[in-house]
$ cat protein-v5.txt   # compact mmCIF, C-alpha atoms and all ligand atoms
# COMPACT_ATOMS: atom_id res chain seq x y z
CA ALA L 28 15.03 -15.82 1.94
CA ASP L 29 14.12 -14.01 -1.25
CA GLN L 30 10.44 -14.66 -0.58
CA CYS L 31 8.62 -11.55 0.66
CA VAL L 32 11.14 -9.04 -0.56
CA LEU L 33 8.50 -6.43 -1.45
CA THR L 34 10.16 -5.34 -4.70
CA GLY L 35 7.80 -5.74 -7.62
CA ARG L 36 4.15 -5.22 -8.52
CA TRP L 37 1.23 -5.91 -6.16
CA ILE L 38 -2.54 -5.60 -6.45
CA ASN L 39 -4.85 -5.14 -3.48
CA ASP L 40 -8.45 -6.24 -2.96
CA LEU L 41 -9.70 -2.93 -4.33
CA GLY L 42 -7.78 -3.51 -7.54
CA SER L 43 -5.20 -0.82 -6.88
CA ASP L 44 -1.79 -1.32 -8.42
CA VAL L 45 1.34 -0.88 -6.29
CA THR L 46 4.89 -0.93 -7.62
CA ILE L 47 7.74 -1.19 -5.11
CA GLY L 48 11.37 -0.58 -6.04
CA ALA L 49 14.55 -2.05 -4.61
CA VAL L 50 14.72 -2.79 -0.89
CA ASN L 51 18.05 -1.58 0.57
CA SER L 52 20.11 -3.26 3.29
CA ASN L 53 18.13 -1.37 5.95
CA GLY L 54 14.86 -2.73 4.54
CA GLU L 55 13.86 0.70 3.19
CA PHE L 56 12.00 1.03 -0.10
CA ALA L 57 10.10 3.51 -2.26
CA GLY L 58 7.40 3.04 -4.83
CA THR L 59 4.13 4.20 -6.32
CA PHE L 60 0.50 3.51 -5.52
CA HIS L 61 -1.92 3.67 -8.44
CA THR L 62 -5.30 3.71 -6.74
CA ALA L 63 -8.36 2.09 -8.28
CA VAL L 64 -10.77 3.91 -5.96
CA MET L 65 -10.80 7.33 -7.58
CA THR L 66 -13.23 7.72 -10.47
CA PRO L 67 -11.08 9.03 -13.31
CA THR L 68 -12.15 12.67 -12.93
CA LYS L 69 -8.77 13.73 -14.22
CA ASP L 70 -5.75 11.67 -15.25
CA ILE L 71 -5.07 9.55 -12.19
CA LYS L 72 -1.38 9.92 -11.44
CA ALA L 73 0.33 7.41 -9.21
CA SER L 74 0.98 8.55 -5.64
CA PRO L 75 4.39 8.13 -4.05
CA LEU L 76 5.03 5.73 -1.17
CA VAL L 77 7.95 5.09 1.15
CA GLY L 78 8.31 2.23 3.56
CA ILE L 79 10.47 -0.25 5.42
CA GLN L 80 10.34 -4.01 5.89
CA HIS L 81 12.17 -6.51 8.04
CA THR L 82 14.48 -8.69 5.98
CA LYS L 83 13.65 -12.09 7.40
CA THR L 84 11.17 -14.85 6.65
CA GLN L 85 7.54 -13.67 6.55
CA PRO L 86 8.57 -10.12 7.52
CA THR L 87 6.43 -7.32 8.89
CA PHE L 88 6.40 -4.04 6.97
CA GLY L 89 4.96 -0.56 6.90
CA PHE L 90 4.57 2.11 4.25
CA THR L 91 3.07 5.57 3.83
CA VAL L 92 1.22 6.82 0.75
CA ASN L 93 0.97 10.54 -0.02
CA TRP L 94 -2.21 10.79 -2.12
CA ASN L 95 -1.32 13.38 -4.70
CA PHE L 96 -4.78 14.54 -5.73
CA THR L 97 -6.25 14.84 -2.24
CA ASP L 98 -4.30 16.13 0.72
CA SER L 99 -4.73 12.86 2.56
CA THR L 100 -2.29 10.19 3.73
CA THR L 101 -2.62 6.46 4.24
CA VAL L 102 -0.25 4.37 6.33
CA PHE L 103 -0.25 0.61 5.83
CA THR L 104 1.23 -1.99 8.14
CA GLY L 105 1.16 -5.76 7.95
CA GLN L 106 3.05 -8.97 7.39
CA CYS L 107 4.06 -10.90 4.32
CA PHE L 108 3.04 -14.56 4.41
CA VAL L 109 3.98 -17.35 2.02
CA ASP L 110 1.34 -20.02 1.49
CA ILE L 111 1.97 -23.70 0.81
CA GLU L 112 2.20 -23.06 -2.96
CA GLY L 113 4.83 -20.41 -2.35
CA LYS L 114 2.36 -17.60 -3.14
CA GLU L 115 3.10 -14.41 -1.22
CA ILE L 116 0.33 -12.39 0.44
CA LEU L 117 0.64 -9.02 2.19
CA LYS L 118 -1.92 -9.12 4.96
CA GLY L 119 -2.33 -5.63 6.35
CA MET L 120 -4.32 -2.83 7.91
CA TRP L 121 -4.36 0.88 7.12
CA LEU L 122 -5.19 4.25 8.59
CA LEU L 123 -6.42 6.93 6.17
CA GLN L 124 -5.99 10.47 7.46
CA SER L 125 -8.11 12.87 5.46
CA HIS L 126 -7.26 16.57 5.38
CA VAL L 127 -9.86 18.62 7.26
CA ASN L 128 -10.00 22.40 7.51
CA SER L 129 -10.49 22.63 11.25
CA ILE L 130 -9.40 20.70 14.33
CA LYS L 131 -13.12 20.62 15.18
CA ASP L 132 -13.47 18.15 12.30
CA ASP L 133 -10.53 16.02 13.38
CA TRP L 134 -12.85 13.49 15.04
CA LYS L 135 -14.03 12.31 11.61
CA ALA L 136 -10.67 12.58 9.84
CA THR L 137 -9.26 9.07 10.37
CA LYS L 138 -10.56 5.87 8.78
CA VAL L 139 -9.25 2.37 9.42
CA GLY L 140 -9.50 -0.83 7.46
CA THR L 141 -7.91 -4.07 6.33
CA ASP L 142 -6.22 -4.70 3.00
CA THR L 143 -4.58 -7.67 1.31
CA PHE L 144 -2.08 -7.50 -1.54
CA THR L 145 -1.01 -10.31 -3.88
CA ARG L 146 1.67 -10.24 -6.57
CA ARG L 147 0.41 -8.92 -9.88
CA PRO L 148 0.90 -11.75 -12.37
CA GLU L 149 3.53 -10.87 -14.98
CA VAL L 150 1.67 -10.56 -18.25
CA MET L 151 2.84 -13.39 -20.51
CA GLU L 152 4.48 -11.79 -23.54
O1 LIG P 201 -7.06 10.47 -2.98
C1 LIG P 201 -7.14 9.37 -2.42
C2 LIG P 201 -7.43 9.30 -1.04
C3 LIG P 201 -7.49 8.10 -0.40
C4 LIG P 201 -7.28 6.90 -1.11
N1 LIG P 201 -7.32 5.77 -0.44
N2 LIG P 201 -7.06 4.61 -0.97
C5 LIG P 201 -6.92 3.47 -0.17
C6 LIG P 201 -7.00 3.58 1.23
C7 LIG P 201 -6.87 2.43 2.00
C8 LIG P 201 -6.66 1.19 1.40
C9 LIG P 201 -6.57 1.07 0.02
C10 LIG P 201 -6.71 2.22 -0.78
C11 LIG P 201 -6.61 2.09 -2.26
O2 LIG P 201 -6.61 3.12 -2.96
O3 LIG P 201 -6.54 0.93 -2.73
C12 LIG P 201 -6.99 6.95 -2.50
C13 LIG P 201 -6.94 8.16 -3.13

$ encode --input "protein-v5.txt" --output "structure tokens" --more "lines below"
Ligand SMILES: O=C1C=CC(=NNc2ccccc2C(=O)O)C=C1
Amino acid sequence: ADQCVLTGRWINDLGSDVTIGAVNSNGEFAGTFHTAVMTPTKDIKASPLVGIQHTKTQPTFGFTVNWNFTDSTTVFTGQCFVDIEGKEILKGMWLLQSHVNSIKDDWKATKVGTDTFTRRPEVME
């Protein structure tokens, strides 16, 4: 089914903008994550992501984001669901690992949360 092939543009509930490229026959993909959560201190560059999805109906997926202006990493995992109107939703959870300078601070270095992505509507020309 071509539903829930992750290629394309997605927006999450924080307003961040994710672009995912082609998904290969192994389900692997790459893309960019343009976060909405950083106040534009400097020009906010997109951060790279790599991931993999199952290629079946309503597949599960995972991807990793390397935040390029902080030394932190977020891994997302979830499942793509198609609602009755055919709208796709990526229902997921994430772990954010912040860089800390000492293992003594490791206890406070991992945050967890939920996140939902929907397809970014193509702007009508
Ligand atoms: O430099 C950084 C560090 C962490 C960030 N986390 N963003 C997230 C973490 C979890 C879920 C969504 C987001 C998001 O940006 O939408 C973003 C930029």

$ residues_near_ligand --input "protein-v5.txt" --ligand "ligand LIG 201 (chain P)" --cutoff "10 Å" --atoms "only C-alpha atoms and all ligand atoms" --output "MDAnalysis selection string"
chainID L and resid 38:45 60:66 71 73:74 92:103 119:126 138:144

$ residues_around --input "protein-v5.txt" --residues "L:Val32" --least-positions-apart "6" --cutoff "12 Å" --atoms "only C-alpha atoms" --output "list in words"
Ile47, Gly48, Ala49, Val50, Asn51, Ser52, Gly54, Glu55, Phe56, Ile79, Gln80, His81, Thr82, Lys83, Thr84, Gln85, Pro86, Thr87, Phe88, Gln106, Cys107, Phe108, Val109, Glu115, Ile116, Leu117 and Arg146 of chain L

$ closest_residue --input "protein-v5.txt" --among "L:Asp132, L:Gly58, L:Leu76, L:Asp110" --to "L:Arg36" --atoms "only C-alpha atoms"
L:Gly58

$ atom_distance --input "protein-v5.txt" --atom1 "atom CA of L:Val77" --atom2 "atom CA of L:Phe90"
5.5 Å

$ closest_residue --input "protein-v5.txt" --among "L:Glu112, L:Lys72, L:Lys131, L:Arg147" --to "L:Leu33" --atoms "only C-alpha atoms"
L:Arg147
